[in-house]
Amino acid sequence: LPRSTSELIGHPLVLKKLRELNNSLRFLVFKPGNRIKNFLENEGWELLSPSSYLCRKLEDKIEFYDLSLQHKVCMPESEVLVWEQSKQDVLHDKLGDPFVLQTRMGHAGSSTWIVRKHTPFTEIPDEIKVRVSRFIEARTYTVNGYLSLHGKVAISPLFQQLMHVPQWNGFEMGTVGITPVTNLPSTALENLKELLLQVAKLLHEQEYWGFFGLDLLYDDKTWYLVECNPRFTASISLQCLIDLATNRVPLLKLHAEKTALDDDRFDFLGDASSSIPPLKGVRGLEVFGHVVLRNSKPSSWKTPMTLKSGIYERAEGSWRLRDRSIDARELREGELLLILAHRPGTMIDPGSDFGAIQYRGSALDEAGNIDDRFFDFYERIIM
C-alpha cells in the first residue's frame, strides 16, 4: 500500500480514477513538497499551498528564530550555535539550569530536549547546528489560523497542550493532545492578540498565505512564541469540527478557497453561538479537544483486534461502546469518542499515530491535571 501522499496520488489505480473526475482538480495535502507539486502541475492540477521551500523555511526552528528577531516577535531568549557537549556547562551558566535545546525540524517533541546540569547530553552528536533557549516555567498553548493573501488573519479558539504523559509520548517535551481554554483573563487574551498580529505581519512579509499553527508559552505575565507550523496541523479535523459546531466558517474552507478577509478574526476573544445545546450544569461543553494516540513503544505494536471506532460510555466501573458514530457532536457528558486511523490488528511503527480520542468540554480535572477517565479508558480499552 502507498506510504506517502506522493505514492498515493501516483498509484496507477488512484491516478486513473483522478483523471476520470475532472481536468481542474485542486489538492490539499498535510505537508507540501516539490515532488507532489511538480507531479500535480504535470497533470494540469493545482496544489493549494505556498511554496514548499517557504513552508520548510518557516517551520525550521533556527531560521524562524532569526526571522522573529528581525520582526521583534517575542520568543524565549535563545542562541543559535554549533553544538559541542564540552560547552554544556558554559551554556548552563549563561542560560540557567535547565535549558532547552532544539534541532531544526521534528514532530511531536522529537527534536526538543531539556538539558540539565550534571547530566551529560548525548542525544545528538557534536557539530550539529541547534537553537538553545532559556527554560521558561509556563503552560504551553496552541492556536490554528488562516492568513489571507492580503495579510488579514483568522485565529481559532485557544487550546492548552496536554503534555508529560510518557506512556502516550516518549519525548519529554512531546504533546499528546489539546484541551480548550476558558479561564484566561481578557487582558491576557488581548496581549495574545497583539503578538499574533506581529506574527501575521511576519508571515505576510514572507509571502506566506493559508492555514498555519502556532505553539506558545504563557507564564501569567508574558506570551512567548515557541514555533510556527506553516501547514495543516494534527488538529485540523478537530478544528473543522469546532468551527462547524460553533457556526464559524472553517479555517480549512478559508484555505481551500483562498478567501479574502475584510477584517482580522480572533475566535478566542468571544464565543460564537453554538449549534449544540450545552449539557445542563456543565460548563464549556460546546467546545472540544482531543488526545492523539501514538505508539510510544520502542518496537512495532499491533493494535488489538477488539478495538472499534465509536462513542464509549463508562458505567459501573467499565467502558462500553454505546454508538458506532464518529461524530463528536453526539457525545454526552463524560463520554469519549475513539477514532482509529487503521483497521484493528495493524502493526504500528514506533512513534506513529494510530488514532485519536475526541471529547466535549475540558480534559483537565479541578486540579488542572488530565482527568483519570482518559487513563482508565486507555488501559481498559486500548491496551
# chains A, B, ... in the order shown; residues from 1 in each chain; ligands from 1
call {"tool": "select_by_dssp", "arguments": {"residues": "region 224-354 of chain A", "states": "strand (DSSP E or B)", "output": "PDB file with N, CA and C atoms, in the first residue's frame"}}
result
ATOM      1  N   TYR A 224       5.020  34.034  24.849  1.00  0.00           N
ATOM      2  CA  TYR A 224       6.205  33.751  24.043  1.00  0.00           C
ATOM      3  C   TYR A 224       5.801  32.824  22.897  1.00  0.00           C
ATOM      4  N   LEU A 225       6.206  33.169  21.690  1.00  0.00           N
ATOM      5  CA  LEU A 225       6.013  32.254  20.570  1.00  0.00           C
ATOM      6  C   LEU A 225       7.123  31.210  20.620  1.00  0.00           C
ATOM      7  N   VAL A 226       6.757  29.932  20.509  1.00  0.00           N
ATOM      8  CA  VAL A 226       7.749  28.855  20.575  1.00  0.00           C
ATOM      9  C   VAL A 226       8.118  28.377  19.178  1.00  0.00           C
ATOM     10  N   GLU A 227       7.111  28.104  18.348  1.00  0.00           N
ATOM     11  CA  GLU A 227       7.410  27.668  16.989  1.00  0.00           C
ATOM     12  C   GLU A 227       6.208  27.851  16.088  1.00  0.00           C
ATOM     13  N   CYS A 228       6.486  27.816  14.791  1.00  0.00           N
ATOM     14  CA  CYS A 228       5.459  28.013  13.765  1.00  0.00           C
ATOM     15  C   CYS A 228       5.362  26.762  12.912  1.00  0.00           C
ATOM     16  N   ASN A 229       4.130  26.325  12.643  1.00  0.00           N
ATOM     17  CA  ASN A 229       3.882  25.183  11.759  1.00  0.00           C
ATOM     18  C   ASN A 229       3.099  25.685  10.545  1.00  0.00           C
ATOM     19  N   ARG A 265      -9.935  38.210  12.401  1.00  0.00           N
ATOM     20  CA  ARG A 265     -10.922  37.478  13.195  1.00  0.00           C
ATOM     21  C   ARG A 265     -10.189  36.688  14.274  1.00  0.00           C
ATOM     22  N   PHE A 266     -10.575  36.913  15.541  1.00  0.00           N
ATOM     23  CA  PHE A 266      -9.949  36.227  16.666  1.00  0.00           C
ATOM     24  C   PHE A 266     -11.038  35.504  17.463  1.00  0.00           C
ATOM     25  N   PHE A 288     -14.489  21.368  22.190  1.00  0.00           N
ATOM     26  CA  PHE A 288     -13.982  20.014  22.042  1.00  0.00           C
ATOM     27  C   PHE A 288     -12.465  20.001  22.156  1.00  0.00           C
ATOM     28  N   GLY A 289     -11.929  18.828  22.455  1.00  0.00           N
ATOM     29  CA  GLY A 289     -10.494  18.621  22.454  1.00  0.00           C
ATOM     30  C   GLY A 289     -10.189  17.213  21.995  1.00  0.00           C
ATOM     31  N   HIS A 290      -8.897  16.894  21.918  1.00  0.00           N
ATOM     32  CA  HIS A 290      -8.547  15.531  21.510  1.00  0.00           C
ATOM     33  C   HIS A 290      -7.225  15.098  22.131  1.00  0.00           C
ATOM     34  N   VAL A 291      -7.062  13.792  22.217  1.00  0.00           N
ATOM     35  CA  VAL A 291      -5.818  13.146  22.604  1.00  0.00           C
ATOM     36  C   VAL A 291      -5.368  12.315  21.417  1.00  0.00           C
ATOM     37  N   VAL A 292      -4.116  12.504  20.991  1.00  0.00           N
ATOM     38  CA  VAL A 292      -3.572  11.741  19.870  1.00  0.00           C
ATOM     39  C   VAL A 292      -2.993  10.429  20.404  1.00  0.00           C
ATOM     40  N   LEU A 293      -3.373   9.324  19.801  1.00  0.00           N
ATOM     41  CA  LEU A 293      -2.878   8.006  20.204  1.00  0.00           C
ATOM     42  C   LEU A 293      -1.684   7.630  19.338  1.00  0.00           C
ATOM     43  N   ARG A 294      -0.570   7.399  19.988  1.00  0.00           N
ATOM     44  CA  ARG A 294       0.698   7.178  19.288  1.00  0.00           C
ATOM     45  C   ARG A 294       1.414   5.983  19.911  1.00  0.00           C
ATOM     46  N   TRP A 301       4.018  -2.287  17.246  1.00  0.00           N
ATOM     47  CA  TRP A 301       2.967  -2.775  18.136  1.00  0.00           C
ATOM     48  C   TRP A 301       1.710  -3.026  17.309  1.00  0.00           C
ATOM     49  N   LYS A 302       1.052  -4.157  17.558  1.00  0.00           N
ATOM     50  CA  LYS A 302      -0.166  -4.499  16.817  1.00  0.00           C
ATOM     51  C   LYS A 302      -1.390  -4.033  17.599  1.00  0.00           C
ATOM     52  N   GLY A 310     -15.849   4.588  17.700  1.00  0.00           N
ATOM     53  CA  GLY A 310     -17.194   4.908  18.159  1.00  0.00           C
ATOM     54  C   GLY A 310     -17.193   5.622  19.493  1.00  0.00           C
ATOM     55  N   ILE A 311     -18.393   5.875  20.002  1.00  0.00           N
ATOM     56  CA  ILE A 311     -18.580   6.604  21.256  1.00  0.00           C
ATOM     57  C   ILE A 311     -18.687   5.614  22.410  1.00  0.00           C
ATOM     58  N   TYR A 312     -17.862   5.826  23.424  1.00  0.00           N
ATOM     59  CA  TYR A 312     -17.829   4.942  24.586  1.00  0.00           C
ATOM     60  C   TYR A 312     -18.349   5.674  25.818  1.00  0.00           C
ATOM     61  N   GLU A 313     -19.134   4.959  26.613  1.00  0.00           N
ATOM     62  CA  GLU A 313     -19.607   5.492  27.880  1.00  0.00           C
ATOM     63  C   GLU A 313     -19.090   4.608  29.021  1.00  0.00           C
ATOM     64  N   ARG A 314     -18.921   5.231  30.192  1.00  0.00           N
ATOM     65  CA  ARG A 314     -18.443   4.480  31.348  1.00  0.00           C
ATOM     66  C   ARG A 314     -19.589   4.281  32.319  1.00  0.00           C
ATOM     67  N   ALA A 315     -19.800   3.031  32.711  1.00  0.00           N
ATOM     68  CA  ALA A 315     -20.872   2.698  33.648  1.00  0.00           C
ATOM     69  C   ALA A 315     -20.423   1.539  34.513  1.00  0.00           C
ATOM     70  N   SER A 318     -16.750   0.228  34.177  1.00  0.00           N
ATOM     71  CA  SER A 318     -16.218  -0.302  32.926  1.00  0.00           C
ATOM     72  C   SER A 318     -16.717   0.557  31.761  1.00  0.00           C
ATOM     73  N   TRP A 319     -16.087   0.370  30.603  1.00  0.00           N
ATOM     74  CA  TRP A 319     -16.450   1.120  29.406  1.00  0.00           C
ATOM     75  C   TRP A 319     -17.176   0.198  28.423  1.00  0.00           C
ATOM     76  N   ARG A 320     -18.156   0.775  27.727  1.00  0.00           N
ATOM     77  CA  ARG A 320     -18.832   0.003  26.677  1.00  0.00           C
ATOM     78  C   ARG A 320     -19.064   0.907  25.470  1.00  0.00           C
ATOM     79  N   LEU A 321     -19.081   0.289  24.301  1.00  0.00           N
ATOM     80  CA  LEU A 321     -19.337   1.015  23.055  1.00  0.00           C
ATOM     81  C   LEU A 321     -20.824   1.326  22.964  1.00  0.00           C
ATOM     82  N   ARG A 322     -21.178   2.609  23.075  1.00  0.00           N
ATOM     83  CA  ARG A 322     -22.586   2.996  23.031  1.00  0.00           C
ATOM     84  C   ARG A 322     -23.093   3.199  21.610  1.00  0.00           C
ATOM     85  N   ASP A 323     -22.228   3.734  20.730  1.00  0.00           N
ATOM     86  CA  ASP A 323     -22.684   4.104  19.394  1.00  0.00           C
ATOM     87  C   ASP A 323     -21.489   4.040  18.448  1.00  0.00           C
ATOM     88  N   LEU A 336     -16.337   9.384  25.609  1.00  0.00           N
ATOM     89  CA  LEU A 336     -15.158   9.559  24.774  1.00  0.00           C
ATOM     90  C   LEU A 336     -15.417   8.940  23.408  1.00  0.00           C
ATOM     91  N   LEU A 337     -14.919   9.608  22.382  1.00  0.00           N
ATOM     92  CA  LEU A 337     -15.039   9.116  21.010  1.00  0.00           C
ATOM     93  C   LEU A 337     -13.680   8.619  20.545  1.00  0.00           C
ATOM     94  N   LEU A 338     -13.593   7.338  20.248  1.00  0.00           N
ATOM     95  CA  LEU A 338     -12.369   6.732  19.732  1.00  0.00           C
ATOM     96  C   LEU A 338     -12.453   6.674  18.207  1.00  0.00           C
ATOM     97  N   ILE A 339     -11.448   7.247  17.543  1.00  0.00           N
ATOM     98  CA  ILE A 339     -11.383   7.217  16.080  1.00  0.00           C
ATOM     99  C   ILE A 339     -10.060   6.560  15.694  1.00  0.00           C
ATOM    100  N   LEU A 340     -10.135   5.390  15.081  1.00  0.00           N
ATOM    101  CA  LEU A 340      -8.939   4.657  14.681  1.00  0.00           C
ATOM    102  C   LEU A 340      -8.495   5.076  13.281  1.00  0.00           C
ATOM    103  N   MET A 347      -0.012  -3.425  12.378  1.00  0.00           N
ATOM    104  CA  MET A 347       1.263  -3.170  13.038  1.00  0.00           C
ATOM    105  C   MET A 347       1.588  -1.676  12.922  1.00  0.00           C
ATOM    106  N   ILE A 348       1.839  -1.036  14.071  1.00  0.00           N
ATOM    107  CA  ILE A 348       2.107   0.396  14.119  1.00  0.00           C
ATOM    108  C   ILE A 348       3.587   0.616  14.418  1.00  0.00           C
ATOM    109  N   ASP A 353       1.227   7.537  14.760  1.00  0.00           N
ATOM    110  CA  ASP A 353      -0.122   7.666  15.292  1.00  0.00           C
ATOM    111  C   ASP A 353      -0.983   6.485  14.828  1.00  0.00           C
ATOM    112  N   PHE A 354      -1.907   6.066  15.685  1.00  0.00           N
ATOM    113  CA  PHE A 354      -2.854   5.035  15.248  1.00  0.00           C
ATOM    114  C   PHE A 354      -4.299   5.420  15.522  1.00  0.00           C
TER     115      PHE A 354
END
call {"tool": "residues_around", "arguments": {"residues": "Met383 (chain A)", "least_positions_apart": "3", "cutoff": "12 Å", "atoms": "only C-alpha atoms", "output": "ChimeraX atom specification"}}
result
/A:167-168,293,295,301-307,375-380
call {"tool": "write_last_selection", "arguments": {"atoms": "all heavy atoms", "output": "compact mmCIF listing (two decimals), in the first residue's frame"}}
result
# COMPACT_ATOMS: atom_id res chain seq x y z
N GLN A 167 3.62 7.42 28.72
CA GLN A 167 3.05 6.23 28.08
C GLN A 167 2.33 6.58 26.77
O GLN A 167 2.02 5.68 25.98
CB GLN A 167 2.09 5.51 29.03
CG GLN A 167 0.86 6.29 29.45
CD GLN A 167 1.05 7.02 30.76
OE1 GLN A 167 2.09 7.65 30.97
NE2 GLN A 167 0.06 6.92 31.64
N TRP A 168 2.07 7.86 26.53
CA TRP A 168 1.45 8.29 25.28
C TRP A 168 2.44 8.95 24.33
O TRP A 168 2.21 9.00 23.12
CB TRP A 168 0.30 9.26 25.55
CG TRP A 168 -0.83 8.65 26.30
CD1 TRP A 168 -1.02 7.31 26.57
CD2 TRP A 168 -1.93 9.32 26.90
NE1 TRP A 168 -2.18 7.13 27.30
CE2 TRP A 168 -2.76 8.35 27.51
CE3 TRP A 168 -2.32 10.65 26.98
CZ2 TRP A 168 -3.94 8.67 28.19
CZ3 TRP A 168 -3.49 10.98 27.65
CH2 TRP A 168 -4.29 10.00 28.25
N LEU A 293 -3.37 9.32 19.80
CA LEU A 293 -2.88 8.01 20.20
C LEU A 293 -1.68 7.63 19.34
O LEU A 293 -1.78 7.59 18.10
CB LEU A 293 -3.99 6.96 20.06
CG LEU A 293 -5.23 7.23 20.92
CD1 LEU A 293 -6.34 6.26 20.57
CD2 LEU A 293 -4.89 7.14 22.40
N ASN A 295 2.05 5.17 19.10
CA ASN A 295 2.83 4.06 19.63
C ASN A 295 4.12 4.58 20.23
O ASN A 295 5.05 4.93 19.51
CB ASN A 295 3.13 3.04 18.52
CG ASN A 295 4.00 1.89 19.03
OD1 ASN A 295 4.08 1.65 20.23
ND2 ASN A 295 4.63 1.17 18.11
N TRP A 301 4.02 -2.29 17.25
CA TRP A 301 2.97 -2.77 18.14
C TRP A 301 1.71 -3.03 17.31
O TRP A 301 1.34 -2.23 16.45
CB TRP A 301 2.70 -1.73 19.23
CG TRP A 301 1.52 -2.01 20.11
CD1 TRP A 301 1.42 -2.95 21.09
CD2 TRP A 301 0.27 -1.30 20.11
NE1 TRP A 301 0.20 -2.88 21.70
CE2 TRP A 301 -0.54 -1.88 21.13
CE3 TRP A 301 -0.24 -0.23 19.37
CZ2 TRP A 301 -1.82 -1.43 21.41
CZ3 TRP A 301 -1.53 0.22 19.63
CH2 TRP A 301 -2.30 -0.39 20.65
N LYS A 302 1.05 -4.16 17.56
CA LYS A 302 -0.17 -4.50 16.82
C LYS A 302 -1.39 -4.03 17.60
O LYS A 302 -1.56 -4.37 18.77
CB LYS A 302 -0.24 -6.01 16.58
CG LYS A 302 -1.49 -6.43 15.80
CD LYS A 302 -1.61 -7.93 15.67
CE LYS A 302 -0.60 -8.46 14.67
NZ LYS A 302 -0.85 -9.91 14.38
N THR A 303 -2.24 -3.25 16.95
CA THR A 303 -3.46 -2.80 17.61
C THR A 303 -4.38 -3.99 17.88
O THR A 303 -4.49 -4.89 17.04
CB THR A 303 -4.20 -1.76 16.75
OG1 THR A 303 -4.47 -2.34 15.47
CG2 THR A 303 -3.38 -0.51 16.57
N PRO A 304 -5.03 -4.04 19.03
CA PRO A 304 -5.89 -5.18 19.37
C PRO A 304 -7.03 -5.38 18.37
O PRO A 304 -7.60 -4.40 17.87
CB PRO A 304 -6.43 -4.80 20.75
CG PRO A 304 -5.45 -3.83 21.30
CD PRO A 304 -4.93 -3.06 20.12
N MET A 305 -7.37 -6.61 18.10
CA MET A 305 -8.47 -6.93 17.18
C MET A 305 -9.81 -6.49 17.73
O MET A 305 -10.78 -6.33 16.99
CB MET A 305 -8.50 -8.43 16.90
CG MET A 305 -7.29 -8.94 16.14
SD MET A 305 -7.12 -8.21 14.49
CE MET A 305 -8.62 -8.81 13.70
N THR A 306 -9.89 -6.25 19.06
CA THR A 306 -11.16 -5.87 19.68
C THR A 306 -11.47 -4.39 19.55
O THR A 306 -12.58 -3.97 19.90
CB THR A 306 -11.12 -6.24 21.17
OG1 THR A 306 -9.95 -5.64 21.77
CG2 THR A 306 -11.05 -7.74 21.35
N LEU A 307 -10.51 -3.58 19.08
CA LEU A 307 -10.73 -2.13 19.01
C LEU A 307 -11.76 -1.78 17.94
O LEU A 307 -11.74 -2.33 16.83
CB LEU A 307 -9.42 -1.41 18.69
CG LEU A 307 -8.44 -1.16 19.84
CD1 LEU A 307 -7.27 -0.33 19.36
CD2 LEU A 307 -9.13 -0.47 21.01
N PHE A 375 -6.95 7.93 31.25
CA PHE A 375 -6.01 6.86 31.55
C PHE A 375 -6.74 5.53 31.73
O PHE A 375 -6.27 4.47 31.30
CB PHE A 375 -5.20 7.20 32.80
CG PHE A 375 -4.38 8.46 32.65
CD1 PHE A 375 -4.77 9.63 33.28
CD2 PHE A 375 -3.23 8.47 31.88
CE1 PHE A 375 -4.02 10.79 33.14
CE2 PHE A 375 -2.48 9.62 31.74
CZ PHE A 375 -2.88 10.79 32.37
N ASP A 376 -7.92 5.60 32.36
CA ASP A 376 -8.72 4.40 32.57
C ASP A 376 -9.16 3.80 31.23
O ASP A 376 -9.08 2.60 31.01
CB ASP A 376 -9.93 4.74 33.44
CG ASP A 376 -10.74 3.50 33.82
OD1 ASP A 376 -10.19 2.64 34.52
OD2 ASP A 376 -11.90 3.41 33.39
N PHE A 377 -9.62 4.67 30.34
CA PHE A 377 -10.05 4.22 29.01
C PHE A 377 -8.87 3.64 28.24
O PHE A 377 -8.99 2.59 27.59
CB PHE A 377 -10.63 5.42 28.24
CG PHE A 377 -11.13 5.07 26.86
CD1 PHE A 377 -12.39 4.53 26.69
CD2 PHE A 377 -10.33 5.29 25.75
CE1 PHE A 377 -12.85 4.21 25.41
CE2 PHE A 377 -10.78 4.96 24.48
CZ PHE A 377 -12.04 4.43 24.31
N TYR A 378 -7.72 4.28 28.32
CA TYR A 378 -6.53 3.82 27.60
C TYR A 378 -6.13 2.42 28.05
O TYR A 378 -5.84 1.54 27.23
CB TYR A 378 -5.39 4.80 27.84
CG TYR A 378 -4.12 4.51 27.08
CD1 TYR A 378 -3.99 4.91 25.75
CD2 TYR A 378 -3.06 3.85 27.67
CE1 TYR A 378 -2.84 4.64 25.03
CE2 TYR A 378 -1.90 3.56 26.97
CZ TYR A 378 -1.79 3.97 25.64
OH TYR A 378 -0.64 3.69 24.94
N GLU A 379 -6.14 2.20 29.37
CA GLU A 379 -5.71 0.90 29.90
C GLU A 379 -6.75 -0.19 29.63
O GLU A 379 -6.41 -1.31 29.24
CB GLU A 379 -5.46 1.01 31.41
CG GLU A 379 -4.26 1.87 31.75
CD GLU A 379 -2.96 1.33 31.19
OE1 GLU A 379 -2.85 0.09 31.07
OE2 GLU A 379 -2.07 2.13 30.85
N ARG A 380 -8.03 0.12 29.81
CA ARG A 380 -9.07 -0.90 29.71
C ARG A 380 -9.45 -1.24 28.27
O ARG A 380 -9.73 -2.39 27.95
CB ARG A 380 -10.33 -0.46 30.46
CG ARG A 380 -10.17 -0.41 31.98
CD ARG A 380 -11.43 0.15 32.62
NE ARG A 380 -11.33 0.27 34.05
CZ ARG A 380 -11.73 -0.67 34.92
NH1 ARG A 380 -12.24 -1.80 34.45
NH2 ARG A 380 -11.61 -0.49 36.21
call {"tool": "closest_atom_pairs", "arguments": {"of": "region 98-139 of chain A", "to": "region 216-221 of chain A", "cutoff": "9 Å", "atoms": "only C-alpha atoms", "output": "CSV"}}
result
residue,atom,partner,partner_atom,distance
A:Ile136,CA,A:Asp219,CA,7.6
A:Glu137,CA,A:Asp219,CA,6.6
A:Ala138,CA,A:Asp219,CA,4.4
A:Arg139,CA,A:Tyr218,CA,5.7
call {"tool": "write_last_selection", "arguments": {"atoms": "N, CA, C and O atoms", "output": "PDB file, in the first residue's frame"}}
result
ATOM      1  N   ILE A 136      11.579  28.374  30.375  1.00  0.00           N
ATOM      2  CA  ILE A 136      10.551  29.226  30.979  1.00  0.00           C
ATOM      3  C   ILE A 136       9.508  28.337  31.635  1.00  0.00           C
ATOM      4  O   ILE A 136       8.923  27.456  30.986  1.00  0.00           O
ATOM      5  N   GLU A 137       9.279  28.541  32.914  1.00  0.00           N
ATOM      6  CA  GLU A 137       8.260  27.785  33.640  1.00  0.00           C
ATOM      7  C   GLU A 137       6.899  28.360  33.272  1.00  0.00           C
ATOM      8  O   GLU A 137       6.508  29.434  33.738  1.00  0.00           O
ATOM      9  N   ALA A 138       6.189  27.676  32.399  1.00  0.00           N
ATOM     10  CA  ALA A 138       4.934  28.227  31.875  1.00  0.00           C
ATOM     11  C   ALA A 138       4.092  27.113  31.279  1.00  0.00           C
ATOM     12  O   ALA A 138       4.566  26.013  31.023  1.00  0.00           O
ATOM     13  N   ARG A 139       2.820  27.425  31.066  1.00  0.00           N
ATOM     14  CA  ARG A 139       1.929  26.500  30.371  1.00  0.00           C
ATOM     15  C   ARG A 139       2.114  26.671  28.854  1.00  0.00           C
ATOM     16  O   ARG A 139       2.455  27.750  28.383  1.00  0.00           O
TER      17      ARG A 139
END
call {"tool": "closest_residue", "arguments": {"among": "A:Trp223, A:Phe135, A:Phe374, A:Phe211", "to": "Ser148 (chain A)", "atoms": "only C-alpha atoms"}}
result
A:Phe211
call {"tool": "closest_residue", "arguments": {"among": "A:Leu69, A:Ala328, A:Val14, A:Leu214", "to": "Ala245 (chain A)", "atoms": "only C-alpha atoms"}}
result
A:Ala328
call {"tool": "closest_atom_pairs", "arguments": {"of": "region 329-368 of chain A", "to": "region 178-182 of chain A", "cutoff": "10 Å", "atoms": "only C-alpha atoms", "output": "JSON lines"}}
result
{"residue": "A:Gln358", "atom": "CA", "partner": "A:Ile178", "partner_atom": "CA", "distance": 9.9}
{"residue": "A:Tyr359", "atom": "CA", "partner": "A:Thr179", "partner_atom": "CA", "distance": 9.1}
{"residue": "A:Arg360", "atom": "CA", "partner": "A:Pro180", "partner_atom": "CA", "distance": 9.3}
{"residue": "A:Gly361", "atom": "CA", "partner": "A:Pro180", "partner_atom": "CA", "distance": 7.2}
{"residue": "A:Ser362", "atom": "CA", "partner": "A:Thr179", "partner_atom": "CA", "distance": 5.7}
{"residue": "A:Ala363", "atom": "CA", "partner": "A:Thr179", "partner_atom": "CA", "distance": 5.8}
{"residue": "A:Leu364", "atom": "CA", "partner": "A:Thr179", "partner_atom": "CA", "distance": 7.7}
call {"tool": "write_last_selection", "arguments": {"atoms": "N, CA and C atoms", "output": "short mmCIF file (atom, residue, chain, number, x, y, z; two decimals), in the first residue's frame"}}
result
data_model
loop_
_atom_site.label_atom_id
_atom_site.label_comp_id
_atom_site.auth_asym_id
_atom_site.auth_seq_id
_atom_site.Cartn_x
_atom_site.Cartn_y
_atom_site.Cartn_z
N GLN A 358 -11.54 11.92 20.94
CA GLN A 358 -12.16 13.25 20.98
C GLN A 358 -13.15 13.30 22.14
N TYR A 359 -13.37 14.50 22.67
CA TYR A 359 -14.24 14.67 23.84
C TYR A 359 -14.83 16.07 23.83
N ARG A 360 -15.94 16.23 24.54
CA ARG A 360 -16.54 17.55 24.74
C ARG A 360 -16.09 18.11 26.08
N GLY A 361 -15.95 19.43 26.15
CA GLY A 361 -15.56 20.07 27.40
C GLY A 361 -14.06 20.07 27.58
N SER A 362 -13.60 19.97 28.82
CA SER A 362 -12.18 20.03 29.13
C SER A 362 -11.64 18.64 29.48
N ALA A 363 -10.36 18.42 29.19
CA ALA A 363 -9.69 17.17 29.57
C ALA A 363 -9.10 17.25 30.96
N LEU A 364 -9.15 18.42 31.60
CA LEU A 364 -8.48 18.63 32.87
C LEU A 364 -9.46 18.53 34.04
#
call {"tool": "closest_atom_pairs", "arguments": {"of": "region 113-219 of chain A", "to": "region 40-57 of chain A", "cutoff": "10 Å", "atoms": "only C-alpha atoms", "output": "JSON lines"}}
result
{"residue": "A:Leu203", "atom": "CA", "partner": "A:Leu54", "partner_atom": "CA", "distance": 9.9}
{"residue": "A:Gln206", "atom": "CA", "partner": "A:Leu54", "partner_atom": "CA", "distance": 7.9}
{"residue": "A:Glu207", "atom": "CA", "partner": "A:Pro50", "partner_atom": "CA", "distance": 8.2}
{"residue": "A:Tyr208", "atom": "CA", "partner": "A:Pro50", "partner_atom": "CA", "distance": 6.2}
{"residue": "A:Trp209", "atom": "CA", "partner": "A:Pro50", "partner_atom": "CA", "distance": 6.5}
{"residue": "A:Gly210", "atom": "CA", "partner": "A:Ser49", "partner_atom": "CA", "distance": 7.0}
{"residue": "A:Phe211", "atom": "CA", "partner": "A:Ser49", "partner_atom": "CA", "distance": 8.8}
{"residue": "A:Phe212", "atom": "CA", "partner": "A:Cys55", "partner_atom": "CA", "distance": 9.8}
call {"tool": "residues_around", "arguments": {"residues": "Val165 (chain A)", "least_positions_apart": "3", "cutoff": "10 Å", "atoms": "only C-alpha atoms", "output": "ChimeraX atom specification"}}
result
/A:162,168-176,370,375
call {"tool": "atom_distance", "arguments": {"atom1": "CA of Phe30 (chain A)", "atom2": "CA of Thr5 (chain A)"}}
result
8.5 Å
call {"tool": "closest_atom_pairs", "arguments": {"of": "region 144-189 of chain A", "to": "region 251-255 of chain A", "cutoff": "10 Å", "atoms": "only C-alpha atoms", "output": "tab-separated table"}}
result
residue	atom	partner	partner_atom	distance
A:Asn144	CA	A:Leu251	CA	8.2
A:Gly145	CA	A:Leu251	CA	6.8
A:Tyr146	CA	A:Leu251	CA	6.0
A:Leu147	CA	A:His255	CA	8.2
A:Ser148	CA	A:His255	CA	8.1
A:Ala154	CA	A:Leu251	CA	7.5
A:Ile155	CA	A:Leu251	CA	8.3
A:Ser156	CA	A:Leu251	CA	8.0
call {"tool": "write_last_selection", "arguments": {"atoms": "N, CA and C atoms", "output": "PDB file, in the first residue's frame"}}
result
ATOM      1  N   ASN A 144      -4.641  27.609  15.914  1.00  0.00           N
ATOM      2  CA  ASN A 144      -4.606  27.458  14.467  1.00  0.00           C
ATOM      3  C   ASN A 144      -5.032  28.771  13.835  1.00  0.00           C
ATOM      4  N   GLY A 145      -4.644  28.983  12.602  1.00  0.00           N
ATOM      5  CA  GLY A 145      -5.005  30.233  11.947  1.00  0.00           C
ATOM      6  C   GLY A 145      -5.022  30.110  10.441  1.00  0.00           C
ATOM      7  N   TYR A 146      -5.552  31.159   9.810  1.00  0.00           N
ATOM      8  CA  TYR A 146      -5.541  31.288   8.361  1.00  0.00           C
ATOM      9  C   TYR A 146      -5.113  32.706   8.030  1.00  0.00           C
ATOM     10  N   LEU A 147      -4.152  32.836   7.102  1.00  0.00           N
ATOM     11  CA  LEU A 147      -3.678  34.145   6.660  1.00  0.00           C
ATOM     12  C   LEU A 147      -4.062  34.335   5.202  1.00  0.00           C
ATOM     13  N   SER A 148      -4.772  35.429   4.925  1.00  0.00           N
ATOM     14  CA  SER A 148      -5.213  35.688   3.556  1.00  0.00           C
ATOM     15  C   SER A 148      -4.059  36.234   2.721  1.00  0.00           C
ATOM     16  N   ALA A 154      -7.338  35.021  10.439  1.00  0.00           N
ATOM     17  CA  ALA A 154      -8.418  34.434  11.245  1.00  0.00           C
ATOM     18  C   ALA A 154      -7.772  33.436  12.189  1.00  0.00           C
ATOM     19  N   ILE A 155      -8.057  33.565  13.489  1.00  0.00           N
ATOM     20  CA  ILE A 155      -7.411  32.739  14.512  1.00  0.00           C
ATOM     21  C   ILE A 155      -8.464  31.949  15.277  1.00  0.00           C
ATOM     22  N   SER A 156      -8.157  30.690  15.550  1.00  0.00           N
ATOM     23  CA  SER A 156      -9.069  29.758  16.221  1.00  0.00           C
ATOM     24  C   SER A 156      -9.223  30.095  17.699  1.00  0.00           C
TER      25      SER A 156
END
call {"tool": "atom_distance", "arguments": {"atom1": "CA of Phe232 (chain A)", "atom2": "CA of Glu79 (chain A)"}}
result
28.2 Å
call {"tool": "select_by_dssp", "arguments": {"residues": "region 170-371 of chain A", "states": "alpha helix (DSSP H)", "output": "count of residues only"}}
result
36
call {"tool": "closest_residue", "arguments": {"among": "A:Leu58, A:Leu269, A:Leu95, A:Ala200", "to": "Pro185 (chain A)", "atoms": "only C-alpha atoms"}}
result
A:Leu269
call {"tool": "atom_distance", "arguments": {"atom1": "CA of Gly177 (chain A)", "atom2": "CA of Thr142 (chain A)"}}
result
10.3 Å
call {"tool": "closest_residue", "arguments": {"among": "A:Thr103, A:Thr346, A:Ser237, A:Asn369", "to": "Val82 (chain A)", "atoms": "only C-alpha atoms"}}
result
A:Thr103
call {"tool": "residues_around", "arguments": {"residues": "region 96-100 of chain A", "least_positions_apart": "4", "cutoff": "8 Å", "atoms": "only C-alpha atoms", "output": "PyMOL selection string"}}
result
chain A and resi 91-92+112-117+132-135
call {"tool": "closest_residue", "arguments": {"among": "A:Pro157, A:Ala188, A:Ala256, A:Asn183", "to": "Ile242 (chain A)", "atoms": "only C-alpha atoms"}}
result
A:Pro157
